[in-house]
>>> print(open('run-v5.txt').read())   # compact mmCIF, C-alpha atoms and all ligand atoms
# COMPACT_ATOMS: atom_id res chain seq x y z
CA MET A 1 -12.05 17.09 -26.82
CA ALA A 2 -11.33 13.42 -27.27
CA LEU A 3 -9.44 11.10 -29.57
CA LEU A 4 -11.71 8.58 -31.25
CA ASN A 5 -10.87 5.01 -32.22
CA ILE A 6 -10.41 4.57 -35.97
CA LEU A 7 -11.97 1.36 -37.27
CA GLN A 8 -9.86 -0.93 -39.42
CA TYR A 9 -11.00 -2.58 -42.68
CA PRO A 10 -13.05 -4.77 -43.01
CA HIS A 11 -15.14 -3.55 -40.06
CA PRO A 12 -18.85 -3.71 -41.07
CA THR A 13 -19.44 -0.01 -40.26
CA LEU A 14 -16.94 0.84 -43.02
CA ALA A 15 -19.19 -1.00 -45.48
CA ALA A 16 -22.44 0.63 -44.31
CA LYS A 17 -24.20 3.69 -45.66
CA ALA A 18 -24.29 6.69 -43.32
CA ALA A 19 -27.62 8.48 -42.75
CA PRO A 20 -28.14 12.22 -43.25
CA VAL A 21 -27.65 14.55 -40.30
CA THR A 22 -30.98 16.14 -39.35
CA GLU A 23 -30.17 17.79 -36.02
CA PHE A 24 -27.54 20.53 -35.91
CA ASN A 25 -27.01 20.38 -32.16
CA ASP A 26 -24.11 20.41 -29.68
CA ASP A 27 -23.54 16.67 -30.07
CA LEU A 28 -22.81 17.25 -33.74
CA LYS A 29 -20.34 20.05 -32.93
CA THR A 30 -18.58 17.87 -30.33
CA LEU A 31 -18.34 14.96 -32.77
CA ALA A 32 -16.89 17.21 -35.50
CA ALA A 33 -14.30 18.66 -33.06
CA ASP A 34 -13.32 15.15 -31.91
CA MET A 35 -13.06 13.98 -35.52
CA LEU A 36 -10.75 16.90 -36.38
CA GLU A 37 -8.57 16.17 -33.35
CA THR A 38 -8.46 12.47 -34.28
CA MET A 39 -7.59 13.28 -37.93
CA TYR A 40 -4.73 15.63 -36.94
CA ALA A 41 -3.38 13.15 -34.40
CA ALA A 42 -3.40 10.23 -36.85
CA PRO A 43 -2.14 12.19 -38.87
CA GLY A 44 -4.45 12.29 -41.88
CA VAL A 45 -5.89 14.78 -44.36
CA GLY A 46 -9.49 13.61 -44.00
CA LEU A 47 -11.81 11.51 -41.86
CA ALA A 48 -15.37 10.29 -42.40
CA ALA A 49 -17.76 9.49 -39.52
CA ASN A 50 -18.02 5.81 -40.55
CA GLN A 51 -14.33 5.48 -39.64
CA VAL A 52 -15.10 6.37 -36.01
CA ASN A 53 -18.13 4.07 -35.92
CA VAL A 54 -20.78 6.78 -36.44
CA LEU A 55 -23.19 6.23 -39.34
CA ARG A 56 -23.94 9.90 -40.02
CA ARG A 57 -22.95 11.94 -43.08
CA ILE A 58 -20.10 13.98 -41.58
CA VAL A 59 -16.61 14.51 -43.02
CA VAL A 60 -13.65 16.53 -41.78
CA LEU A 61 -10.76 17.53 -44.05
CA ASP A 62 -7.56 19.52 -44.03
CA VAL A 63 -5.22 19.19 -47.00
CA SER A 64 -3.07 22.18 -45.96
CA GLU A 65 0.44 21.70 -44.58
CA ASP A 66 -0.05 23.90 -41.51
CA LYS A 67 -3.50 22.92 -40.20
CA SER A 68 -4.92 26.11 -41.72
CA GLY A 69 -7.43 24.45 -44.03
CA GLN A 70 -9.84 22.64 -41.77
CA MET A 71 -13.26 21.93 -43.24
CA VAL A 72 -16.34 20.23 -41.83
CA LEU A 73 -18.80 18.90 -44.39
CA VAL A 74 -22.23 17.80 -43.20
CA ASN A 75 -24.45 15.94 -45.69
CA PRO A 76 -21.95 16.58 -48.51
CA GLU A 77 -22.89 15.92 -52.14
CA ILE A 78 -20.96 16.02 -55.38
CA LEU A 79 -22.96 18.27 -57.69
CA SER A 80 -20.78 17.64 -60.73
CA SER A 81 -17.49 16.06 -61.69
CA GLY A 82 -15.03 17.19 -64.36
CA GLU A 83 -14.42 15.05 -67.43
CA GLU A 84 -10.72 14.65 -66.84
CA LEU A 85 -9.57 11.70 -64.72
CA VAL A 86 -6.35 11.67 -62.73
CA ASP A 87 -4.41 8.88 -61.14
CA HIS A 88 -3.46 9.50 -57.50
CA GLU A 89 -1.84 7.25 -54.94
CA GLU A 90 -4.28 6.92 -52.04
CA GLY A 91 -3.96 5.76 -48.49
CA CYS A 92 -6.56 5.38 -45.75
CA LEU A 93 -6.45 5.50 -41.98
CA SER A 94 -8.69 2.41 -41.99
CA LEU A 95 -6.25 0.46 -44.23
CA LYS A 96 -3.06 1.68 -42.59
CA GLY A 97 0.14 1.19 -44.54
CA LEU A 98 -1.54 0.34 -47.85
CA TYR A 99 -1.13 2.71 -50.81
CA GLU A 100 -2.67 2.12 -54.23
CA HIS A 101 -3.29 4.19 -57.33
CA VAL A 102 -6.91 5.18 -57.94
CA LYS A 103 -8.34 7.04 -60.93
CA ARG A 104 -10.95 9.70 -60.22
CA PRO A 105 -12.26 12.93 -61.72
CA SER A 106 -9.63 15.65 -61.18
CA ALA A 107 -12.19 18.30 -60.22
CA VAL A 108 -15.54 18.21 -58.44
CA LYS A 109 -18.16 20.72 -57.40
CA VAL A 110 -19.35 20.07 -53.84
CA ARG A 111 -22.36 21.16 -51.83
CA ALA A 112 -22.51 20.61 -48.08
CA GLN A 113 -23.93 22.03 -44.88
CA ASP A 114 -21.89 23.55 -42.06
CA LEU A 115 -22.35 22.76 -38.36
CA ASP A 116 -25.29 25.18 -38.18
CA GLY A 117 -27.01 23.66 -41.18
CA ASN A 118 -26.17 26.45 -43.62
CA LEU A 119 -25.59 25.26 -47.18
CA PHE A 120 -22.35 26.15 -48.96
CA GLU A 121 -20.66 25.13 -52.18
CA PHE A 122 -17.07 24.95 -53.38
CA ASP A 123 -14.98 23.71 -56.27
CA ALA A 124 -12.26 21.23 -55.45
CA GLU A 125 -9.22 20.18 -57.45
CA GLY A 126 -5.88 18.55 -56.72
CA LEU A 127 -5.53 16.73 -53.39
CA LEU A 128 -8.72 18.32 -52.05
CA ALA A 129 -10.73 16.79 -54.92
CA VAL A 130 -9.16 13.38 -54.30
CA CYS A 131 -9.80 13.62 -50.60
CA VAL A 132 -13.41 14.82 -50.88
CA GLN A 133 -14.23 11.90 -53.18
CA HIS A 134 -12.41 9.42 -50.90
CA GLU A 135 -14.37 10.69 -47.87
CA LEU A 136 -17.74 10.73 -49.63
CA ASP A 137 -17.12 7.12 -50.64
CA HIS A 138 -16.70 6.25 -46.94
CA LEU A 139 -20.16 7.71 -46.23
CA ASP A 140 -21.56 5.31 -48.83
CA GLY A 141 -19.73 2.32 -47.35
CA LYS A 142 -16.95 2.32 -49.90
CA VAL A 143 -13.16 2.26 -49.39
CA PHE A 144 -10.53 3.14 -51.98
CA ILE A 145 -9.63 -0.44 -52.88
CA ASP A 146 -13.26 -0.93 -53.99
CA HIS A 147 -12.25 1.15 -57.04
CA LEU A 148 -9.68 -1.44 -58.11
CA SER A 149 -10.30 -4.38 -60.44
CA ARG A 150 -11.14 -7.65 -58.65
CA MET A 151 -7.63 -8.93 -59.15
CA LYS A 152 -5.93 -5.74 -57.96
CA LYS A 153 -8.28 -5.53 -54.99
CA GLU A 154 -7.49 -9.10 -53.97
CA ARG A 155 -3.78 -8.34 -54.25
CA ALA A 156 -4.23 -5.19 -52.16
CA ARG A 157 -6.07 -7.18 -49.47
CA MET A 158 -3.19 -9.67 -49.36
CA LYS A 159 -0.71 -6.79 -49.12
CA LEU A 160 -2.70 -5.36 -46.20
CA LEU A 161 -2.67 -8.71 -44.37
CA LYS A 162 1.08 -8.86 -44.89
CA ILE A 163 1.52 -5.31 -43.55
CA ARG A 164 -0.53 -6.19 -40.48
CA ARG A 165 1.37 -9.44 -39.88
CA LYS A 166 4.67 -7.54 -40.11
CA ARG A 167 3.41 -4.89 -37.65
CA GLU A 168 2.27 -7.58 -35.24
CA HIS A 169 5.66 -9.29 -35.51
CA GLU A 170 7.50 -5.99 -34.87
CA ARG A 171 5.32 -5.37 -31.83
CA GLU A 172 6.20 -8.81 -30.47
CA GLU A 173 9.92 -8.09 -30.96
CA GLU A 174 9.61 -4.86 -28.99
CA ALA A 175 7.85 -6.51 -26.07
O1 LIG A 201 -4.85 10.79 -44.69
C1 LIG A 201 -5.28 10.41 -45.78
N1 LIG A 201 -4.53 10.61 -46.89
C2 LIG A 201 -5.01 10.42 -48.18
C3 LIG A 201 -4.07 10.38 -49.21
C4 LIG A 201 -4.47 10.19 -50.50
C5 LIG A 201 -5.82 10.03 -50.77
C6 LIG A 201 -6.75 10.04 -49.76
C7 LIG A 201 -6.34 10.23 -48.47
S1 LIG A 201 -7.51 10.26 -47.20
C8 LIG A 201 -6.57 9.69 -45.86
C9 LIG A 201 -7.35 9.76 -44.57
C10 LIG A 201 -8.54 8.84 -44.65
O2 LIG A 201 -8.47 7.65 -44.57
N2 LIG A 201 -9.69 9.40 -44.87
O3 LIG A 201 -10.78 8.64 -45.02
NI NI A 202 -10.12 6.74 -45.78
>>> encode(input="run-v5.txt", output="structure tokens", more="lines below")
Ligand code: GNR
Ligand code: NI
Amino acid sequence: MALLNILQYPHPTLAAKAAPVTEFNDDLKTLAADMLETMYAAPGVGLAANQVNVLRRIVVLDVSEDKSGQMVLVNPEILSSGEELVDHEEGCLSLKGLYEHVKRPSAVKVRAQDLDGNLFEFDAEGLLAVCVQHELDHLDGKVFIDHLSRMKKERARMKLLKIRRKREHEREEEA
């Protein structure tokens, strides 16, 4: 098991499209285990392979409060989305410290493969639905602020720079 480095926006890998997984081998299982460990350590409720510099369609998730809900989605797809939209405040391990409201369908039907390549489907709502959509966006090179209007996105980018400057300053004070 190993902790992986989480890329920070705007790293180019975060803007790239991940390719489908075609080989369900031990490397894939190791990567998924490392991604879960990295997600829990962060801590976060989801992680997409792009965020650890791997351009393959792999997502790990756990929206439970006691680490009991871990999921690995390989080649995930949204089969259908509900009509209703909900507004949820999102954060991202690749835009640390930034939180913005994003509107998305409140429910989605998902199809994915497991680590052995077996297909499965599930219905997601609530935080799981938000998270699944957030992670699938990553696989297509999209981050949550890409859902904002140009003006709000620009403001969010400025906020992020400010957060990073403040962090850097605090780190200097400590040293
Ligand atoms: O840990 C995370 N929390 C979160 C909160 C609201 C909406 C989406 C997320 S996903 C995020 C982890 C992450 O960056 N996954 O890509
Ligand atoms: Ni994210």
>>> atom_distance(input="run-v5.txt", atom1="atom CA of A:Met151", atom2="atom CA of A:Lys96")
20.2 Å
>>> atom_distance(input="run-v5.txt", atom1="atom CA of A:Arg171", atom2="atom CA of A:Leu95")
17.9 Å
>>> residues_around(input="run-v5.txt", residues="stretch 18-20 of chain A", least_positions_apart="2", cutoff="7 Å", atoms="only C-alpha atoms", output="PyMOL selection string")
chain A and resi 16+22+50+55-57+75+139-140
>>> residues_near_ligand(input="run-v5.txt", ligand="ligand LIG 201 (chain A)", cutoff="9 Å", atoms="all atoms listed in the file", output="ChimeraX atom specification")
/A:39,42-51,59-61,63,88-96,99,102,127-128,130-138,143-144
>>> write_last_selection(input="run-v5.txt", atoms="C-alpha atoms", output="PDB file, keeping the file's coordinate frame")
ATOM      1  CA  MET A  39      -7.590  13.280 -37.930  1.00  0.00           C
ATOM      2  CA  ALA A  42      -3.400  10.230 -36.850  1.00  0.00           C
ATOM      3  CA  PRO A  43      -2.140  12.190 -38.870  1.00  0.00           C
ATOM      4  CA  GLY A  44      -4.450  12.290 -41.880  1.00  0.00           C
ATOM      5  CA  VAL A  45      -5.890  14.780 -44.360  1.00  0.00           C
ATOM      6  CA  GLY A  46      -9.490  13.610 -44.000  1.00  0.00           C
ATOM      7  CA  LEU A  47     -11.810  11.510 -41.860  1.00  0.00           C
ATOM      8  CA  ALA A  48     -15.370  10.290 -42.400  1.00  0.00           C
ATOM      9  CA  ALA A  49     -17.760   9.490 -39.520  1.00  0.00           C
ATOM     10  CA  ASN A  50     -18.020   5.810 -40.550  1.00  0.00           C
ATOM     11  CA  GLN A  51     -14.330   5.480 -39.640  1.00  0.00           C
ATOM     12  CA  VAL A  59     -16.610  14.510 -43.020  1.00  0.00           C
ATOM     13  CA  VAL A  60     -13.650  16.530 -41.780  1.00  0.00           C
ATOM     14  CA  LEU A  61     -10.760  17.530 -44.050  1.00  0.00           C
ATOM     15  CA  VAL A  63      -5.220  19.190 -47.000  1.00  0.00           C
ATOM     16  CA  HIS A  88      -3.460   9.500 -57.500  1.00  0.00           C
ATOM     17  CA  GLU A  89      -1.840   7.250 -54.940  1.00  0.00           C
ATOM     18  CA  GLU A  90      -4.280   6.920 -52.040  1.00  0.00           C
ATOM     19  CA  GLY A  91      -3.960   5.760 -48.490  1.00  0.00           C
ATOM     20  CA  CYS A  92      -6.560   5.380 -45.750  1.00  0.00           C
ATOM     21  CA  LEU A  93      -6.450   5.500 -41.980  1.00  0.00           C
ATOM     22  CA  SER A  94      -8.690   2.410 -41.990  1.00  0.00           C
ATOM     23  CA  LEU A  95      -6.250   0.460 -44.230  1.00  0.00           C
ATOM     24  CA  LYS A  96      -3.060   1.680 -42.590  1.00  0.00           C
ATOM     25  CA  TYR A  99      -1.130   2.710 -50.810  1.00  0.00           C
ATOM     26  CA  VAL A 102      -6.910   5.180 -57.940  1.00  0.00           C
ATOM     27  CA  LEU A 127      -5.530  16.730 -53.390  1.00  0.00           C
ATOM     28  CA  LEU A 128      -8.720  18.320 -52.050  1.00  0.00           C
ATOM     29  CA  VAL A 130      -9.160  13.380 -54.300  1.00  0.00           C
ATOM     30  CA  CYS A 131      -9.800  13.620 -50.600  1.00  0.00           C
ATOM     31  CA  VAL A 132     -13.410  14.820 -50.880  1.00  0.00           C
ATOM     32  CA  GLN A 133     -14.230  11.900 -53.180  1.00  0.00           C
ATOM     33  CA  HIS A 134     -12.410   9.420 -50.900  1.00  0.00           C
ATOM     34  CA  GLU A 135     -14.370  10.690 -47.870  1.00  0.00           C
ATOM     35  CA  LEU A 136     -17.740  10.730 -49.630  1.00  0.00           C
ATOM     36  CA  ASP A 137     -17.120   7.120 -50.640  1.00  0.00           C
ATOM     37  CA  HIS A 138     -16.700   6.250 -46.940  1.00  0.00           C
ATOM     38  CA  VAL A 143     -13.160   2.260 -49.390  1.00  0.00           C
ATOM     39  CA  PHE A 144     -10.530   3.140 -51.980  1.00  0.00           C
TER      40      PHE A 144
END
>>> closest_residue(input="run-v5.txt", among="A:Gly97, A:Asn53, A:Glu170, A:Asp146", to="A:Lys17", atoms="only C-alpha atoms")
A:Asn53
>>> residues_near_point(input="run-v5.txt", point="(-16.9, 9.7, -34.0)", cutoff="6 Å", atoms="all atoms listed in the file", output="PDB file with C-alpha atoms, in the frame of the given file")
ATOM      1  CA  LEU A   4     -11.710   8.580 -31.250  1.00  0.00           C
ATOM      2  CA  LEU A  31     -18.340  14.960 -32.770  1.00  0.00           C
ATOM      3  CA  MET A  35     -13.060  13.980 -35.520  1.00  0.00           C
ATOM      4  CA  ALA A  49     -17.760   9.490 -39.520  1.00  0.00           C
ATOM      5  CA  VAL A  52     -15.100   6.370 -36.010  1.00  0.00           C
ATOM      6  CA  VAL A  54     -20.780   6.780 -36.440  1.00  0.00           C
TER       7      VAL A  54
END
>>> residues_around(input="run-v5.txt", residues="A:Arg104", least_positions_apart="2", cutoff="7 Å", atoms="all atoms listed in the file", output="count of residues only")
5
>>> closest_residue(input="run-v5.txt", among="A:Tyr40, A:Phe24, A:Phe120, A:Tyr9", to="ligand NI 202 (chain A)", atoms="only C-alpha atoms and all ligand atoms")
A:Tyr9
>>> residues_near_point(input="run-v5.txt", point="(-15.0, 19.7, -66.8)", cutoff="12 Å", atoms="all atoms listed in the file", output="MDAnalysis selection string")
chainID A and resid 80:85 105:109 123:125
>>> atom_distance(input="run-v5.txt", atom1="atom CA of A:Arg111", atom2="atom CA of A:Val74")
9.3 Å
>>> closest_residue(input="run-v5.txt", among="A:Glu23, A:Thr38, A:Ala156, A:Lys142", to="ligand NI 202 (chain A)", atoms="all atoms listed in the file")
A:Lys142
